[in-house]
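A.B. asks: Below is the file protein.txt, which contains compact mmCIF, C-alpha atoms.
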```txt
# COMPACT_ATOMS: atom_id res chain seq x y z
CA GLN C 573 92.44 82.93 98.71
CA LYS C 574 95.75 81.77 100.14
CA GLU C 575 97.15 84.08 102.80
CA VAL C 576 100.75 83.76 101.59
CA GLU C 577 101.37 82.77 97.99
CA GLN C 578 104.52 81.50 96.39
CA ASN C 579 105.19 79.83 93.07
CA SER C 580 106.04 76.22 93.90
CA GLY C 581 108.66 75.97 91.14
CA PRO C 582 111.03 74.46 90.56
CA LEU C 583 112.90 77.61 89.69
CA SER C 584 116.02 76.60 87.81
CA VAL C 585 118.97 79.00 87.54
CA PRO C 586 122.54 78.39 86.39
CA GLU C 587 125.40 78.62 88.83
CA GLY C 588 126.56 82.22 89.26
CA ALA C 589 123.25 83.74 88.19
CA ILE C 590 120.79 85.73 90.30
CA ALA C 591 117.82 83.77 91.67
CA SER C 592 114.67 85.79 92.30
CA LEU C 593 112.04 84.37 94.60
CA ASN C 594 108.69 86.08 95.05
CA CYS C 595 105.94 86.07 97.64
CA THR C 596 102.61 87.89 97.93
CA TYR C 597 100.42 88.13 101.01
CA SER C 598 96.80 89.00 101.57
CA ASP C 599 96.76 90.66 105.01
CA ARG C 600 97.45 94.35 104.46
CA GLY C 601 98.18 94.75 108.18
CA SER C 602 101.11 92.30 108.11
CA GLN C 603 104.20 93.85 109.64
CA SER C 604 107.07 91.37 109.64
CA PHE C 605 108.38 89.19 106.84
CA PHE C 606 110.80 86.31 106.81
CA TRP C 607 112.57 84.00 104.44
CA TYR C 608 113.45 80.49 105.53
CA ARG C 609 115.52 77.96 103.63
CA GLN C 610 114.61 74.28 103.93
CA TYR C 611 116.80 71.54 102.53
CA SER C 612 115.12 68.26 101.70
CA GLY C 613 114.55 66.24 104.86
CA LYS C 614 115.67 69.11 107.10
CA SER C 615 113.92 71.79 109.14
CA PRO C 616 113.51 75.43 108.07
CA GLU C 617 116.45 77.76 108.69
CA LEU C 618 115.92 81.51 109.05
CA ILE C 619 117.99 83.41 106.49
CA MET C 620 116.42 86.88 106.26
CA SER C 621 113.95 89.11 108.07
CA ILE C 622 112.60 92.44 106.86
CA TYR C 623 110.27 94.85 108.63
CA SER C 624 110.16 98.06 106.54
CA ASN C 625 109.76 98.93 102.89
CA GLY C 626 112.86 98.77 100.73
CA ASP C 627 115.84 96.48 100.47
CA LYS C 628 117.83 94.65 103.11
CA GLU C 629 121.10 93.01 102.16
CA ASP C 630 123.01 90.26 103.96
CA GLY C 631 125.88 88.76 102.04
CA ARG C 632 124.59 87.26 98.82
CA PHE C 633 120.98 87.64 99.95
CA THR C 634 118.75 90.69 99.46
CA ALA C 635 115.20 90.88 100.74
CA GLN C 636 112.86 93.41 99.17
CA LEU C 637 109.57 94.57 100.66
CA ASN C 638 106.77 96.60 99.09
CA LYS C 639 103.86 96.85 101.52
CA ALA C 640 101.70 98.86 99.11
CA SER C 641 101.85 96.00 96.62
CA GLN C 642 101.83 93.35 99.40
CA TYR C 643 104.90 91.80 97.88
CA VAL C 644 108.16 90.52 99.30
CA SER C 645 111.03 88.98 97.39
CA LEU C 646 114.39 87.34 97.96
CA LEU C 647 117.31 87.75 95.60
CA ILE C 648 120.25 85.37 95.76
CA ARG C 649 123.31 86.66 93.92
CA ASP C 650 126.04 84.37 92.56
CA SER C 651 123.82 81.33 93.09
CA GLN C 652 125.62 78.16 94.15
CA PRO C 653 124.53 74.52 93.94
CA SER C 654 124.39 74.58 97.76
CA ASP C 655 121.57 77.14 97.47
CA SER C 656 119.35 74.43 95.98
CA ALA C 657 116.53 74.12 98.51
CA THR C 658 112.95 75.15 99.15
CA TYR C 659 112.54 78.77 100.24
CA LEU C 660 109.63 79.55 102.53
CA CYS C 661 108.12 83.00 102.88
CA ALA C 662 106.54 83.74 106.28
CA VAL C 663 104.46 86.70 107.39
CA THR C 664 103.05 87.79 110.73
CA SER C 665 99.29 87.92 110.97
CA ARG C 666 97.41 90.97 112.13
CA GLY C 667 96.40 90.83 115.77
CA THR C 668 98.52 87.87 116.80
CA ALA C 669 102.09 88.91 117.34
CA SER C 670 103.53 85.42 117.53
CA LYS C 671 101.66 83.82 114.65
CA LEU C 672 103.68 83.26 111.51
CA THR C 673 101.81 82.30 108.35
CA PHE C 674 103.89 80.39 105.84
CA GLY C 675 103.66 79.97 102.10
CA THR C 676 104.08 76.54 100.54
CA GLY C 677 107.59 77.43 99.39
CA THR C 678 109.48 77.74 96.12
CA ARG C 679 111.90 75.01 95.18
CA LEU C 680 115.13 76.42 93.78
CA GLN C 681 117.51 74.35 91.66
CA VAL C 682 120.93 75.78 90.87
CA THR C 683 122.44 73.94 87.94
CA LEU C 684 126.12 73.53 87.10
CA GLU F 777 120.51 72.37 114.93
CA THR F 778 121.96 72.16 118.44
CA GLY F 779 120.05 75.29 119.60
CA VAL F 780 116.71 73.47 119.48
CA THR F 781 116.65 69.70 119.85
CA GLN F 782 113.79 67.29 119.31
CA THR F 783 113.34 63.64 120.23
CA PRO F 784 112.61 61.21 118.82
CA ARG F 785 113.62 62.06 115.26
CA HIS F 786 111.41 59.31 113.84
CA LEU F 787 108.31 57.71 115.34
CA VAL F 788 105.95 55.05 114.06
CA MET F 789 102.84 54.50 116.12
CA GLY F 790 99.53 52.73 115.85
CA MET F 791 96.25 54.53 116.14
CA THR F 792 95.68 53.22 119.67
CA ASN F 793 99.12 54.11 121.02
CA LYS F 794 100.08 56.99 123.28
CA LYS F 795 103.42 58.68 122.70
CA SER F 796 105.09 62.00 123.42
CA LEU F 797 107.36 64.28 121.43
CA LYS F 798 109.95 66.30 123.28
CA CYS F 799 111.55 69.62 122.42
CA GLU F 800 114.31 71.42 124.28
CA GLN F 801 115.83 74.79 123.46
CA HIS F 802 119.25 75.96 124.63
CA LEU F 803 118.94 79.55 123.40
CA GLY F 804 117.53 81.21 126.49
CA HIS F 805 114.27 81.92 124.66
CA ASN F 806 110.91 82.36 126.34
CA ALA F 807 108.50 81.37 123.59
CA MET F 808 108.09 77.92 122.06
CA TYR F 809 105.95 76.64 119.21
CA TRP F 810 104.67 73.42 117.67
CA TYR F 811 104.16 73.25 113.91
CA LYS F 812 102.94 70.50 111.60
CA GLN F 813 104.37 70.13 108.10
CA SER F 814 102.56 67.87 105.66
CA ALA F 815 103.54 67.22 102.05
CA LYS F 816 102.52 70.00 99.66
CA LYS F 817 100.95 72.05 102.47
CA PRO F 818 102.28 75.14 104.22
CA LEU F 819 103.67 74.85 107.71
CA GLU F 820 100.72 74.92 110.12
CA LEU F 821 101.08 76.53 113.53
CA MET F 822 99.58 74.31 116.23
CA PHE F 823 100.42 75.81 119.61
CA VAL F 824 102.30 78.76 121.07
CA TYR F 825 103.66 79.07 124.60
CA ASN F 826 105.01 82.37 125.89
CA PHE F 827 106.68 82.28 129.33
CA LYS F 828 105.12 78.81 129.88
CA GLU F 829 101.60 80.07 129.20
CA GLN F 830 99.69 78.83 126.17
CA THR F 831 98.81 81.83 124.03
CA GLU F 832 97.67 80.13 120.86
CA ASN F 833 95.78 76.94 120.05
CA ASN F 834 95.15 76.91 116.33
CA SER F 835 92.00 74.74 116.47
CA VAL F 836 94.08 71.63 117.01
CA PRO F 837 92.18 68.36 117.72
CA SER F 838 92.26 67.24 121.34
CA ARG F 839 94.21 64.10 120.42
CA PHE F 840 97.21 66.46 120.44
CA SER F 841 97.97 67.74 123.94
CA PRO F 842 100.84 70.16 124.56
CA GLU F 843 102.71 70.66 127.80
CA CYS F 844 105.25 73.33 128.68
CA PRO F 845 106.75 72.78 132.14
CA ASN F 846 109.31 75.59 131.73
CA SER F 847 110.60 77.96 129.08
CA SER F 848 113.19 75.44 127.86
CA HIS F 849 111.02 72.37 127.40
CA LEU F 850 107.95 71.63 125.33
CA PHE F 851 106.11 68.35 124.89
CA LEU F 852 103.43 67.18 122.52
CA HIS F 853 101.43 64.24 123.86
CA LEU F 854 99.78 62.11 121.21
CA HIS F 855 96.90 59.65 121.60
CA THR F 856 94.43 57.91 119.28
CA LEU F 857 95.93 59.54 116.22
CA GLN F 858 94.70 59.10 112.68
CA PRO F 859 96.75 58.19 109.59
CA GLU F 860 96.27 61.75 108.29
CA ASP F 861 98.25 62.97 111.31
CA SER F 862 101.37 61.51 109.74
CA ALA F 863 103.66 64.48 109.12
CA LEU F 864 106.84 66.25 110.20
CA TYR F 865 106.31 67.91 113.61
CA LEU F 866 108.55 70.87 114.16
CA CYS F 867 109.33 72.71 117.35
CA ALA F 868 110.56 76.31 117.26
CA SER F 869 111.55 78.96 119.77
CA SER F 870 111.95 82.72 119.82
CA PRO F 871 113.19 85.20 122.44
CA THR F 872 109.60 86.13 123.34
CA GLY F 873 106.18 85.64 121.85
CA PHE F 874 106.49 89.12 120.39
CA SER F 875 109.80 88.43 118.74
CA TYR F 876 109.07 86.98 115.39
CA GLU F 877 112.40 85.42 114.53
CA GLN F 878 111.74 81.78 115.21
CA TYR F 879 114.37 79.06 115.19
CA PHE F 880 113.41 75.52 114.38
CA GLY F 881 114.49 72.16 115.70
CA PRO F 882 115.21 69.22 113.36
CA GLY F 883 111.69 67.83 113.62
CA THR F 884 110.09 64.48 114.39
CA ARG F 885 108.92 62.46 111.40
CA LEU F 886 105.69 60.79 112.60
CA THR F 887 104.00 57.91 110.84
CA VAL F 888 100.63 56.69 112.09
CA THR F 889 99.74 53.18 110.98
```
What is this structure when it is put down as C-alpha cells?

C.D. replies:
Amino acid sequence: QKEVEQNSGPLSVPEGAIASLNCTYSDRGSQSFFWYRQYSGKSPELIMSIYSNGDKEDGRFTAQLNKASQYVSLLIRDSQPSDSATYLCAVTSRGTASKLTFGTGTRLQVTL
Amino acid sequence: ETGVTQTPRHLVMGMTNKKSLKCEQHLGHNAMYWYKQSAKKPLELMFVYNFKEQTENNSVPSRFSPECPNSSHLFLHLHTLQPEDSALYLCASSPTGFSYEQYFGPGTRLTVT
C-alpha cells in the first residue's frame, strides 16, 4: 500500500472553475501536511501547509484536512492557465520529524 | 529559486566517473536535504542534515556520499553510478530539522551513461 496516494490525472478544468485535488495517506499518526506545485522541468514550490483539521485559506488556495478519514485536499478557485502543473501532496511520517513522504502528484490542466 | 541554489544544473557522467553536486542555501536555515526524483515515482528522501549532523540516511547506496561542512552548504559526491541513478537530484532546506516547511533548489538533472 502506498503511503501517500494521489490520482495521477490529468485533471482537466476550464479556466475560472474550481480545481479539486485529493490526497489520502496511510499513517494515522501523520501530523503535518503540505501541497507543493511543480511546473514541468522545475523544482517543487511550497504553496500550502496545514496542521489541524478543517480548512486553511490563502488567496485562491484552500487546503482541507480530515485526520479521521486520513484525507487532505487542495481547492484552487478561479483556476488560471498558469495553475497548470503537477501538485504534490507531502506528509510527515510518524517518529521522524524531518521526513516528508510525497505522493506521485496530480497533473492539473486548466483549459481556455 | 535564489534562496536555494544548486550546481551544476545538468550533468552527464560515465559509470566510472566521480563527480559532486553542490547545494547552497541563503535562507539562514539549519537543516538541509537531498532528494531523488525519477520519472513516475514519488520524490525519495535520501539524506537529512540538521545543524551539520546527518540525522537520516534513507538506505541510500554507498556510491552516494553526502557532505555538509556547514549549515549553508551541502554536497553529494557520486562515484561508480549506475544508469538507473539517472534522475533529478533536488536539494532542500528548512529552518530546522523539526520545521517541516522545506524549500527546494532548482535541481541537478543527472544522466549516467

A.B. asks: Which is closest to Leu857 (chain F) among F:Leu797, F:Met791, F:Val780, F:Leu819, if we use all atoms listed in the file?

C.D. replies: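 When distances to Leu857 (chain F) are compared using all atoms listed in the file, the smallest one comes from F:Met791.
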
A.B. asks: Expressed in Å to a single decimal, how great is the separation between CA of Gly790 (chain F) and CA of Leu852 (chain F)?

C.D. replies: 16.4 Å

A.B. asks: Rounded to one decimal place, report the CA of Leu787 (chain F)-CA of Val888 (chain F) distance in Å.

C.D. replies: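 According to the coordinates, CA of Leu787 (chain F) and CA of Val888 (chain F) are separated by 8.4 Å.
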
A.B. asks: Considering all atoms listed in the file, tabulate each residue of chain C that lies at most 12 Å from chain F along with its nearest interatomic pair and the corresponding distance in Å to one decimal; arrange the rows by chain and ascending residue number and present them as CSV.

C.D. replies:
```
residue,atom,partner,partner_atom,distance
C:Lys574,CA,F:Pro818,CA,10.2
C:Glu575,CA,F:Pro818,CA,10.4
C:Val576,CA,F:Pro818,CA,9.1
C:Glu577,CA,F:Pro818,CA,9.9
C:Gln578,CA,F:Pro818,CA,10.3
C:Ser580,CA,F:Lys816,CA,9.2
C:Gln603,CA,F:Tyr876,CA,10.2
C:Ser604,CA,F:Tyr876,CA,7.5
C:Phe605,CA,F:Tyr876,CA,8.9
C:Phe606,CA,F:Glu877,CA,7.9
C:Trp607,CA,F:Glu877,CA,10.2
C:Tyr608,CA,F:Tyr879,CA,9.8
C:Arg609,CA,F:Phe880,CA,11.2
C:Gln610,CA,F:Phe880,CA,10.6
C:Tyr611,CA,F:Pro882,CA,11.2
C:Ser612,CA,F:Ala815,CA,11.6
C:Gly613,CA,F:Pro882,CA,9.0
C:Lys614,CA,F:Pro882,CA,6.3
C:Ser615,CA,F:Pro882,CA,5.1
C:Pro616,CA,F:Phe880,CA,6.3
C:Glu617,CA,F:Phe880,CA,6.8
C:Leu618,CA,F:Tyr879,CA,6.8
C:Ile619,CA,F:Glu877,CA,10.0
C:Met620,CA,F:Glu877,CA,9.3
C:Ser621,CA,F:Glu877,CA,7.6
C:Ile622,CA,F:Glu877,CA,10.4
C:Tyr623,CA,F:Tyr876,CA,10.4
C:Thr658,CA,F:Lys816,CA,11.6
C:Tyr659,CA,F:Pro818,CA,11.6
C:Leu660,CA,F:Pro818,CA,8.7
C:Cys661,CA,F:Pro818,CA,9.9
C:Ala662,CA,F:Leu819,CA,9.5
C:Val663,CA,F:Tyr876,CA,9.2
C:Thr664,CA,F:Tyr876,CA,7.7
C:Ser665,CA,F:Tyr876,CA,10.8
C:Gly667,CA,F:Phe874,CA,11.2
C:Thr668,CA,F:Glu832,CA,8.8
C:Ala669,CA,F:Phe874,CA,5.4
C:Ser670,CA,F:Gly873,CA,5.1
C:Lys671,CA,F:Leu821,CA,7.4
C:Leu672,CA,F:Leu821,CA,7.5
C:Thr673,CA,F:Glu820,CA,7.7
C:Phe674,CA,F:Pro818,CA,5.7
C:Gly675,CA,F:Pro818,CA,5.5
C:Thr676,CA,F:Pro818,CA,4.3
C:Gly677,CA,F:Pro818,CA,7.5
C:Thr678,CA,F:Lys816,CA,11.0
C:Arg679,CA,F:Lys816,CA,11.5
```

A.B. asks: Between CA of Leu680 (chain C) and CA of Asn638 (chain C), measure the distance and give it in Å to one decimal.

C.D. replies: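 Interatomic distance, CA of Leu680 (chain C) to CA of Asn638 (chain C): 22.5 Å.
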
A.B. asks: Nearest to Lys828 (chain F) among F:Glu860, F:Leu886, F:Ser848, F:Lys812, with distances taken over all atoms listed in the file: which residue is it?

C.D. replies: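 Using all atoms listed in the file, the shortest distance to Lys828 (chain F) belongs to F:Ser848.
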
A.B. asks: Using only C-alpha atoms, which residues sit within 8 Å of Ala589 (chain C) once same-chain residues fewer than 3 positions away are excluded, as a list of chain:residue names?

C.D. replies: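 Near Ala589 (chain C), the qualifying residues are C:Val585, C:Pro586, C:Arg649, C:Asp650, C:Ser651.
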
A.B. asks: From the set C:Asn625, C:Asn579, C:Ser584, C:Gln681, which residue has the shortest atom-to-atom contact distance to Gln642 (chain C), counting only C-alpha atoms?

C.D. replies: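 Of C:Asn625, C:Asn579, C:Ser584, C:Gln681, the one nearest Gln642 (chain C), counting only C-alpha atoms, is C:Asn625.
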
A.B. asks: If you count only C-alpha atoms, which residues fall within 9 Å of region 838-841 of chain F, apart from same-chain ones fewer than 6 positions away, as a list in words?

C.D. replies: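 Within the cut-off, the hits are Phe851, Leu852, His853, Leu854, His855, Thr856 and Leu857 of chain F.
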
A.B. asks: Quick one: everything within 7 Å of Leu637 (chain C), counting all atoms listed in the file, minus sequence neighbours fewer than 5 positions away in the same chain. Send it as a list in words.

C.D. replies: Ser624, Asn625, Gly626, Asp627, Tyr643, Val644 and Ser645 of chain C

A.B. asks: Nearest to Lys628 (chain C) among C:Leu646, C:Leu684, C:Ala591, C:Ala657, with distances taken over all atoms listed in the file: which residue is it?

C.D. replies: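 With all atoms listed in the file as the atom set, the closest residue is C:Leu646.
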
A.B. asks: Need the axis-aligned box for region 799-813 of chain F with 8 Å each side, so what are the centre and edges in Å to one decimal, as JSON?

C.D. replies:
```
{"center_x": 111.1, "center_y": 76.0, "center_z": 117.3, "size_x": 32.3, "size_y": 28.7, "size_z": 34.4}
```
